[in-house]
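A quick write-up on the structure given underneath.
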Amino acid sequence: MVYSRDKCRHNGSMNISDPKSYSNLRTRPLIFLDLETTGLKVQEHEILEIGAMKVESKKPFKILDQFEIRVKPKHLEKADQRSLEVVEYSDIAWSDAKPLDQALRMLDEFADNGVLVGFNVHFDWAVLDKAYHFMGREDPFYYQRVDAMSMAYSKLFAKHSIKRFSLAETCRYLDIKQQEAHHALADAKTTYLVFKALMKQ
């Protein structure tokens with residue numbers, strides 16, 4: 001599938017003084033994305049798993065498609081062992097994992113020009129941006145991003161029963177059942193449910 005790239009991309013051709021530059025944000029698909037990585041150091045650790053859902057950007061936020069892929073790490077010696085345990089990494093489980101470049105090309109096709117949505121999305125985007133840069137390519141996402149954690153902070157700040165604005169704690173407060181935590185597609189789906197609930201607050 002080929003996606004068109006328009007003048008709203010962040011390649012220097014966007015006229016930020018033109019209000020029309022922002023109008024497409026409401027019509028672009030939302031890409032709910034989560035990454036599992038070999039650790040939390042953006043410049044050192046690698047992507048292990050990518051999970052994403054493509055969703056219509058209008059209520060009721062219909063799910064259009066989903067994407068899940070495991071990625072073959074090159075430097076396991078640099079991994080945080082706790083991170084590997086959390087995602088249940090093993091050579092057998094990752095035997096069909098794709099090389100990073102192939103995984104990113106598949107994500108390109110799935111997500112091009114979509115608006116990235118995540119819980120603490122800045123981490124996921126930073127890891128992706130580093131990976132695309134490493135491969136000498138531009139990332140496929142629209143330049144604006146939506147952070148569900150920031151939404152939770154804003155909408156639930158006055159609710160003192162929520163102590164930490166983590167995904168798990170936000171799910172607890174919103175009575176959302178979190179399944180298969182720390183698996184990329186499952187966490188992307190959970191973020192989608194949190195987003196929908198917060199849009200009703």
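Ordering of the structure tokens sets the chain letters (A, B, ...), residue numbers begin anew at 1 in every chain, and ligands are numbered from 1 in the order given.
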Residue contacts of Gly136 in chain A (10 Å, only C-alpha atoms) excluding same-chain residues fewer than 5 positions away, as JSON, numbers by chain: {"A": [101, 130, 131]}
Can you pull out every residue from range 19-201 of chain A that DSSP, working from the backbone, puts in strand (DSSP E), and format the result as a PyMOL selection string? chain A and resi 30-37+47-55+63-70+115-118+145-147
Selection file, N, CA, C and O atoms, as a compact mmCIF listing (two decimals), in the first residue's frame:
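Final output, again-v9.txt:
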```
# COMPACT_ATOMS: atom_id res chain seq x y z
N LEU A 30 -5.26 7.78 13.75
CA LEU A 30 -4.48 7.73 14.98
C LEU A 30 -3.75 6.40 15.03
O LEU A 30 -4.35 5.34 14.80
N ILE A 31 -2.46 6.44 15.32
CA ILE A 31 -1.65 5.23 15.41
C ILE A 31 -1.26 5.04 16.87
O ILE A 31 -0.35 5.69 17.39
N PHE A 32 -2.01 4.18 17.56
CA PHE A 32 -1.70 3.86 18.95
C PHE A 32 -0.54 2.87 18.93
O PHE A 32 -0.66 1.77 18.40
N LEU A 33 0.59 3.28 19.51
CA LEU A 33 1.81 2.50 19.37
C LEU A 33 2.49 2.28 20.71
O LEU A 33 2.48 3.15 21.58
N ASP A 34 3.05 1.09 20.86
CA ASP A 34 3.86 0.79 22.04
C ASP A 34 5.07 -0.02 21.59
O ASP A 34 4.98 -0.85 20.68
N LEU A 35 6.20 0.26 22.24
CA LEU A 35 7.44 -0.48 21.97
C LEU A 35 7.86 -1.22 23.22
O LEU A 35 7.69 -0.74 24.33
N GLU A 36 8.43 -2.39 23.01
CA GLU A 36 9.19 -3.05 24.07
C GLU A 36 10.65 -3.00 23.64
O GLU A 36 10.97 -3.21 22.47
N THR A 37 11.52 -2.68 24.59
CA THR A 37 12.92 -2.45 24.26
C THR A 37 13.85 -3.23 25.19
O THR A 37 13.41 -3.79 26.20
N ILE A 47 14.98 -1.76 20.02
CA ILE A 47 13.59 -2.20 19.93
C ILE A 47 13.53 -3.72 19.86
O ILE A 47 14.24 -4.34 19.08
N LEU A 48 12.66 -4.30 20.69
CA LEU A 48 12.42 -5.74 20.66
C LEU A 48 11.07 -6.09 20.04
O LEU A 48 10.91 -7.14 19.42
N GLU A 49 10.11 -5.21 20.21
CA GLU A 49 8.76 -5.51 19.76
C GLU A 49 8.03 -4.21 19.45
O GLU A 49 8.18 -3.21 20.16
N ILE A 50 7.24 -4.22 18.38
CA ILE A 50 6.42 -3.08 18.00
C ILE A 50 4.97 -3.55 17.92
O ILE A 50 4.67 -4.54 17.26
N GLY A 51 4.09 -2.83 18.60
CA GLY A 51 2.66 -3.10 18.50
C GLY A 51 1.93 -1.81 18.21
O GLY A 51 2.25 -0.77 18.79
N ALA A 52 0.98 -1.86 17.28
CA ALA A 52 0.29 -0.63 16.91
C ALA A 52 -1.13 -0.93 16.45
O ALA A 52 -1.42 -2.03 15.95
N MET A 53 -1.99 0.04 16.63
CA MET A 53 -3.37 -0.02 16.14
C MET A 53 -3.66 1.25 15.34
O MET A 53 -3.34 2.35 15.79
N LYS A 54 -4.29 1.08 14.19
CA LYS A 54 -4.73 2.23 13.39
C LYS A 54 -6.21 2.46 13.69
O LYS A 54 -7.02 1.55 13.59
N VAL A 55 -6.53 3.71 14.05
CA VAL A 55 -7.86 4.03 14.54
C VAL A 55 -8.38 5.30 13.86
O VAL A 55 -7.61 6.24 13.60
N ILE A 63 -11.52 0.96 15.29
CA ILE A 63 -10.25 0.32 14.98
C ILE A 63 -10.25 -0.11 13.52
O ILE A 63 -11.16 -0.80 13.06
N LEU A 64 -9.23 0.32 12.77
CA LEU A 64 -9.13 0.01 11.35
C LEU A 64 -8.20 -1.16 11.06
O LEU A 64 -8.44 -1.93 10.13
N ASP A 65 -7.14 -1.28 11.83
CA ASP A 65 -6.15 -2.32 11.56
C ASP A 65 -5.22 -2.42 12.76
O ASP A 65 -5.23 -1.55 13.63
N GLN A 66 -4.43 -3.47 12.80
CA GLN A 66 -3.43 -3.60 13.86
C GLN A 66 -2.14 -4.19 13.30
O GLN A 66 -2.14 -4.81 12.24
N PHE A 67 -1.07 -3.99 14.04
CA PHE A 67 0.27 -4.34 13.57
C PHE A 67 1.07 -4.85 14.75
O PHE A 67 1.05 -4.25 15.82
N GLU A 68 1.77 -5.95 14.57
CA GLU A 68 2.60 -6.49 15.63
C GLU A 68 3.80 -7.20 15.01
O GLU A 68 3.64 -7.99 14.07
N ILE A 69 4.97 -6.91 15.53
CA ILE A 69 6.17 -7.55 14.99
C ILE A 69 7.27 -7.57 16.05
O ILE A 69 7.40 -6.63 16.84
N ARG A 70 8.01 -8.65 16.08
CA ARG A 70 9.18 -8.73 16.94
C ARG A 70 10.42 -8.37 16.12
O ARG A 70 10.50 -8.67 14.93
N VAL A 115 -1.06 9.97 13.05
CA VAL A 115 -0.71 10.73 14.25
C VAL A 115 -0.37 9.73 15.34
O VAL A 115 -1.18 8.89 15.72
N LEU A 116 0.83 9.80 15.84
CA LEU A 116 1.31 8.85 16.85
C LEU A 116 0.66 9.15 18.20
O LEU A 116 0.66 10.28 18.67
N VAL A 117 0.10 8.10 18.82
CA VAL A 117 -0.51 8.20 20.14
C VAL A 117 0.10 7.13 21.03
O VAL A 117 0.25 5.97 20.62
N GLY A 118 0.50 7.51 22.23
CA GLY A 118 1.06 6.53 23.14
C GLY A 118 0.95 7.00 24.58
O GLY A 118 0.54 8.14 24.84
N ARG A 145 2.12 14.72 17.87
CA ARG A 145 1.89 13.48 18.61
C ARG A 145 0.93 13.74 19.76
O ARG A 145 0.84 14.87 20.25
N VAL A 146 0.23 12.71 20.19
CA VAL A 146 -0.72 12.81 21.30
C VAL A 146 -0.25 11.89 22.41
O VAL A 146 0.00 10.70 22.19
N ASP A 147 -0.12 12.45 23.62
CA ASP A 147 0.36 11.67 24.76
C ASP A 147 -0.79 11.40 25.72
O ASP A 147 -1.33 12.32 26.34
```
Residue nearest Leu156 in chain A - candidates A:Ala79, A:Leu104, A:Ala186, A:Leu198, atoms counted: only C-alpha atoms: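 Of the candidates, the smallest distance to Leu156 in chain A is held by A:Leu198.
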Considering only C-alpha atoms, state which residue in the set A:Phe195, A:Tyr89, A:Phe134, A:Trp125 is at the smallest distance from Ala152 in chain A.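 So, comparing all the options, the nearest one is A:Phe195.
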Select, from A:Glu109, A:Glu56, A:Glu85, A:Asp80, the residue with the minimum atom-to-atom distance to Lys41 in chain A, counting only C-alpha atoms. A:Asp80
Between CA of Ser166 in chain A and CA of Ala97 in chain A, what is the distance in Å, rounded to a tenth? 28.7 Å
Apply DSSP to the structure's backbone, then extract all residues of range 5-123 of chain A labelled alpha helix (DSSP H) and return them as number ranges by chain. A: 81-86, 100-111, 121-123
Which residues, written as a list of chain:residue names, have at least one atom at most 7 Å from Lys98 in chain A, with only C-alpha atoms counted and residues fewer than 5 positions away on the same chain left out? A:Arg70, A:Val71, A:Lys72, A:Ala103
Do a neighbour search on Ala111 in chain A at 7 Å with only C-alpha atoms, toss out local chain neighbours closer than 2 positions, and write the hits as an MDAnalysis selection string. chainID A and resid 31 107:109 113:114 140:141
How far is it from CA of Val87 in chain A to CA of Tyr132 in chain A, in Å with one decimal? 22.6 Å
Measure the distance from CA of Val42 in chain A to CA of Asp124 in chain A in Å and round it to one decimal. 9.0 Å
My list of candidates is A:Lys59, A:Arg137, A:Arg172, A:His182. Which is closest to Thr38 in chain A when distances are computed with only C-alpha atoms? A:His182
May I have the residues within 7 Å of Phe119 in chain A as a PyMOL selection string, using only C-alpha atoms and disregarding those fewer than 4 positions away in the same chain? chain A and resi 147-149+167+191
C-alpha atoms of the current selection, written as a compact mmCIF listing (two decimals), in the first residue's frame:
```
# COMPACT_ATOMS: atom_id res chain seq x y z
CA ASP A 147 0.36 11.67 24.76
CA ALA A 148 -2.28 9.75 26.73
CA MET A 149 -0.24 10.21 29.94
CA LEU A 167 -0.53 3.19 32.62
CA THR A 191 -3.62 2.88 25.69
```
